[in-house]
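Okay, structure first, notes after.
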Amino acid sequence: PRVGLLTEQAIRDAVVAALAGAGAGDRVDVAVFYLAHRGVVAALVEAAGRGAAVRVLLDPNKDAFGRTKNGVPNRPVAAELRRRAGIDVRWCDTHGEQCHAKLVLVRRADGTATLNLGSANLTRRNIDGLNLETNLVVEAAHDAPVIADAVAAFERAWSNAGGRVFSADYGAYAEDGWFKRLLYRVMEATGLSTF
């Protein structure tokens, strides 16, 4: 495996590049606390359009340090991913805590994989140079232990393996109203948000 250290915009560029290379026969798994960056959303939709199997596991954005949240940005983004590209979305089954993962895993049909993980949410604030963020990007074969471990962790959360509940079906928090969609887009574009 080859490992690189990335910060700010380099994280964005690496995620978008990995998604841009995904197509038929490839698998894309994303687990993230906040997904709002328009370039990343577009890259996910485009990867699915080229035939990649895309799955996205999101925090429902309902809890934050003992306070109730309104589901923005993840709920309107999830609705968009499903509406525009039929992307499979599940929600972390949280109970007061936050699902704070930040992982993008692209497994290619040729046996290679790219794993990008660290501190960066996939938002304008986090990957357009407005926050100090650090991720690692790992390039390796599918059978490399680091990739196998990432796959196993994602699968466990996605499928609720071993009888433990880690995630809920999309319908548990599905929302597709115009107000939250507009609110998310304005907040992401202006930076007037907590994400």
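Naming works like this for the structure tokens: A, B, ... for the chains as they're shown, residue 1 at the start of each chain, ligands 1 onward in shown order.
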
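When the distance limit is 8 Å and only C-alpha atoms are what count, the residues near Ile127 (chain A), minus those fewer than 3 positions from it on the same chain, are Thr7, Glu8, Gln9, Ala10, Ile11, Arg12, Ala120, Asn121, Leu122, Thr123, Arg124, Leu130, Asn131 and Glu133 of chain A.
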
List the neighbours of region 37-50 of chain A out to 8 Å using only C-alpha atoms; skip same-chain residues closer than 3 positions along the sequence, and give me the result as a PDB file with C-alpha atoms, in the first residue's frame.
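around_0.pdb, written as the output of this step:
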ATOM      1  CA  ARG A  12     -11.352  17.400  -2.067  1.00  0.00           C
ATOM      2  CA  VAL A  15     -11.967  12.368  -3.389  1.00  0.00           C
ATOM      3  CA  VAL A  16     -13.318  13.860  -6.614  1.00  0.00           C
ATOM      4  CA  LEU A  19     -14.953   9.167  -7.813  1.00  0.00           C
ATOM      5  CA  ALA A  20     -14.310  10.461 -11.339  1.00  0.00           C
ATOM      6  CA  GLY A  21     -12.462   7.242 -12.110  1.00  0.00           C
ATOM      7  CA  ALA A  22     -15.283   5.004 -10.846  1.00  0.00           C
ATOM      8  CA  GLY A  23     -17.543   3.262 -13.339  1.00  0.00           C
ATOM      9  CA  ALA A  24     -19.106  -0.059 -14.265  1.00  0.00           C
ATOM     10  CA  ALA A  53     -22.326   0.601  -7.289  1.00  0.00           C
ATOM     11  CA  VAL A  54     -22.533   3.519  -4.835  1.00  0.00           C
ATOM     12  CA  VAL A  77     -28.507  15.559   0.067  1.00  0.00           C
ATOM     13  CA  LEU A  81     -28.627  11.228  -4.392  1.00  0.00           C
ATOM     14  CA  ARG A  84     -30.903  11.877  -9.348  1.00  0.00           C
ATOM     15  CA  ALA A  85     -29.019   8.572  -9.423  1.00  0.00           C
ATOM     16  CA  GLY A  86     -30.831   5.904  -7.407  1.00  0.00           C
ATOM     17  CA  ILE A  87     -27.918   5.766  -4.962  1.00  0.00           C
ATOM     18  CA  LEU A 122     -17.316  16.455   2.750  1.00  0.00           C
ATOM     19  CA  THR A 123     -18.434  20.082   2.948  1.00  0.00           C
ATOM     20  CA  ARG A 124     -17.305  23.401   1.490  1.00  0.00           C
ATOM     21  CA  GLU A 188     -23.370  25.443   1.965  1.00  0.00           C
TER      22      GLU A 188
END

Contact residues around Pro1 (chain A) with only C-alpha atoms at 9 Å, ignoring same-chain residues under 2 positions, as a list in words: Val3, Val138, Glu139, Ala140, Ala141, Ala144 and Val146 of chain A

Could you take the residues named above and write them with N, CA and C atoms, as a short mmCIF file (atom, residue, chain, number, x, y, z; two decimals), in the first residue's frame?
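Contents of the output file part_20.cif:
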data_model
loop_
_atom_site.label_atom_id
_atom_site.label_comp_id
_atom_site.auth_asym_id
_atom_site.auth_seq_id
_atom_site.Cartn_x
_atom_site.Cartn_y
_atom_site.Cartn_z
N VAL A 3 0.67 5.31 1.04
CA VAL A 3 -0.10 6.19 1.91
C VAL A 3 0.37 7.63 1.68
N VAL A 138 -4.99 6.08 0.96
CA VAL A 138 -4.28 4.81 0.82
C VAL A 138 -4.63 4.21 -0.53
N GLU A 139 -3.62 3.88 -1.30
CA GLU A 139 -3.78 3.16 -2.57
C GLU A 139 -3.25 1.76 -2.34
N ALA A 140 -4.09 0.76 -2.58
CA ALA A 140 -3.68 -0.62 -2.29
C ALA A 140 -4.55 -1.59 -3.08
N ALA A 141 -4.17 -2.85 -3.02
CA ALA A 141 -4.98 -3.92 -3.61
C ALA A 141 -6.18 -4.20 -2.70
N ALA A 144 -5.37 -6.07 0.50
CA ALA A 144 -4.48 -5.50 1.52
C ALA A 144 -5.25 -5.38 2.83
N VAL A 146 -5.44 -3.20 5.18
CA VAL A 146 -6.07 -1.91 5.46
C VAL A 146 -7.37 -1.76 4.67
#

Neighbouring residues of His142 (chain A) were defined as those with any atom within 9 Å, considering only C-alpha atoms; residues of the same chain fewer than 2 positions away were excluded. Please report them as a ChimeraX atom specification. /A:107-108,111-113,140,144-148

Test item, strand (DSSP E) assignment across region 13-48 of chain A, answer as a list in words: Arg27, Val28, Asp29, Val30, Ala31 and Val32 of chain A

Go ahead and dump the residues you just picked, N, CA, C and O atoms, as a compact mmCIF listing (two decimals), in the first residue's frame.
# COMPACT_ATOMS: atom_id res chain seq x y z
N ARG A 27 -16.97 -0.29 -7.05
CA ARG A 27 -17.81 -0.08 -5.88
C ARG A 27 -17.32 1.16 -5.14
O ARG A 27 -16.12 1.33 -4.93
N VAL A 28 -18.27 1.99 -4.72
CA VAL A 28 -17.96 3.20 -3.96
C VAL A 28 -18.76 3.14 -2.67
O VAL A 28 -19.99 3.03 -2.70
N ASP A 29 -18.07 3.21 -1.55
CA ASP A 29 -18.72 3.26 -0.23
C ASP A 29 -18.28 4.53 0.48
O ASP A 29 -17.09 4.82 0.56
N VAL A 30 -19.26 5.28 0.98
CA VAL A 30 -19.00 6.53 1.68
C VAL A 30 -19.70 6.46 3.03
O VAL A 30 -20.89 6.12 3.10
N ALA A 31 -18.99 6.78 4.09
CA ALA A 31 -19.57 6.93 5.42
C ALA A 31 -19.07 8.26 5.95
O ALA A 31 -17.87 8.46 6.09
N VAL A 32 -20.01 9.19 6.22
CA VAL A 32 -19.57 10.53 6.59
C VAL A 32 -20.60 11.22 7.48
O VAL A 32 -21.80 10.99 7.36

Write down as a CSV table (one decimal) with C-alpha atoms, in the first residue's frame the residues belonging to region 27-85 of chain A that are assigned alpha helix (DSSP H) by DSSP computed on the backbone.
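The new file part-v6.csv reads:
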chain,number,residue,atom,x,y,z
A,38,ARG,CA,-21.6,20.2,-4.4
A,39,GLY,CA,-18.6,18.9,-6.3
A,40,VAL,CA,-18.6,15.7,-4.3
A,41,VAL,CA,-22.4,15.2,-4.6
A,42,ALA,CA,-22.0,15.7,-8.4
A,43,ALA,CA,-19.1,13.2,-8.5
A,44,LEU,CA,-21.2,10.6,-6.6
A,45,VAL,CA,-24.1,11.0,-9.0
A,46,GLU,CA,-21.8,10.8,-12.0
A,47,ALA,CA,-20.1,7.7,-10.7
A,48,ALA,CA,-23.4,6.0,-10.3
A,49,GLY,CA,-24.4,7.2,-13.8
A,74,ASN,CA,-27.6,15.2,5.0
A,75,ARG,CA,-31.4,14.6,4.6
A,76,PRO,CA,-31.8,16.9,1.5
A,77,VAL,CA,-28.5,15.6,0.1
A,78,ALA,CA,-29.6,11.9,0.6
A,79,ALA,CA,-32.9,12.7,-1.2
A,80,GLU,CA,-31.0,14.2,-4.1
A,81,LEU,CA,-28.6,11.2,-4.4
A,82,ARG,CA,-31.6,8.9,-4.5
A,83,ARG,CA,-33.7,11.1,-6.9
A,84,ARG,CA,-30.9,11.9,-9.3
A,85,ALA,CA,-29.0,8.6,-9.4

What is the distance between CA of Asp63 (chain A) and CA of Gly96 (chain A), in Å to one decimal? 5.5 Å

Residues near Ala101 (chain A), cut-off 10 Å, only C-alpha atoms, skip fewer than 2 positions along chain, as a compact mmCIF listing (two decimals) with N, CA, C and O atoms, in the first residue's frame:
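The new file out35.txt reads:
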# COMPACT_ATOMS: atom_id res chain seq x y z
N VAL A 30 -19.26 5.28 0.98
CA VAL A 30 -19.00 6.53 1.68
C VAL A 30 -19.70 6.46 3.03
O VAL A 30 -20.89 6.12 3.10
N ALA A 31 -18.99 6.78 4.09
CA ALA A 31 -19.57 6.93 5.42
C ALA A 31 -19.07 8.26 5.95
O ALA A 31 -17.87 8.46 6.09
N VAL A 32 -20.01 9.19 6.22
CA VAL A 32 -19.57 10.53 6.59
C VAL A 32 -20.60 11.22 7.48
O VAL A 32 -21.80 10.99 7.36
N PHE A 33 -20.09 12.05 8.36
CA PHE A 33 -20.94 12.82 9.26
C PHE A 33 -21.71 13.89 8.50
O PHE A 33 -22.92 14.05 8.67
N TYR A 34 -21.03 14.68 7.67
CA TYR A 34 -21.67 15.71 6.85
C TYR A 34 -21.28 15.53 5.39
O TYR A 34 -20.09 15.52 5.06
N LEU A 57 -23.56 6.01 3.63
CA LEU A 57 -24.02 5.88 5.01
C LEU A 57 -23.82 7.22 5.69
O LEU A 57 -22.70 7.70 5.80
N LEU A 58 -24.92 7.84 6.13
CA LEU A 58 -24.88 9.19 6.67
C LEU A 58 -25.42 9.27 8.08
O LEU A 58 -26.34 8.53 8.45
N ASP A 59 -24.91 10.22 8.84
CA ASP A 59 -25.53 10.60 10.10
C ASP A 59 -26.86 11.28 9.75
O ASP A 59 -26.92 12.05 8.79
N CYS A 92 -26.99 6.17 9.87
CA CYS A 92 -26.45 5.64 11.12
C CYS A 92 -27.58 5.68 12.15
O CYS A 92 -28.34 6.65 12.22
N GLN A 98 -23.34 11.20 17.71
CA GLN A 98 -23.18 11.50 16.29
C GLN A 98 -22.37 10.40 15.62
O GLN A 98 -21.44 9.85 16.22
N CYS A 99 -22.71 10.10 14.40
CA CYS A 99 -21.95 9.15 13.59
C CYS A 99 -20.87 9.96 12.89
O CYS A 99 -21.13 10.60 11.88
N LEU A 103 -15.14 8.64 5.64
CA LEU A 103 -14.49 7.60 4.87
C LEU A 103 -15.06 7.57 3.46
O LEU A 103 -16.28 7.60 3.29
N VAL A 104 -14.17 7.51 2.47
CA VAL A 104 -14.55 7.29 1.08
C VAL A 104 -13.68 6.14 0.59
O VAL A 104 -12.45 6.23 0.61
N LEU A 117 -9.59 8.75 4.31
CA LEU A 117 -10.25 8.91 5.60
C LEU A 117 -9.44 9.80 6.51
O LEU A 117 -8.24 9.95 6.35
N GLY A 118 -10.13 10.43 7.46
CA GLY A 118 -9.47 11.32 8.40
C GLY A 118 -10.45 12.23 9.09
O GLY A 118 -11.51 11.80 9.51
N SER A 119 -10.12 13.52 9.16
CA SER A 119 -10.95 14.45 9.93
C SER A 119 -11.95 15.23 9.09
O SER A 119 -12.83 15.89 9.63
N ALA A 120 -11.84 15.18 7.77
CA ALA A 120 -12.61 16.09 6.91
C ALA A 120 -14.00 15.58 6.57
O ALA A 120 -14.15 14.52 5.95
N ASN A 121 -15.00 16.36 6.94
CA ASN A 121 -16.33 16.17 6.39
C ASN A 121 -16.30 16.59 4.94
O ASN A 121 -15.44 17.36 4.51
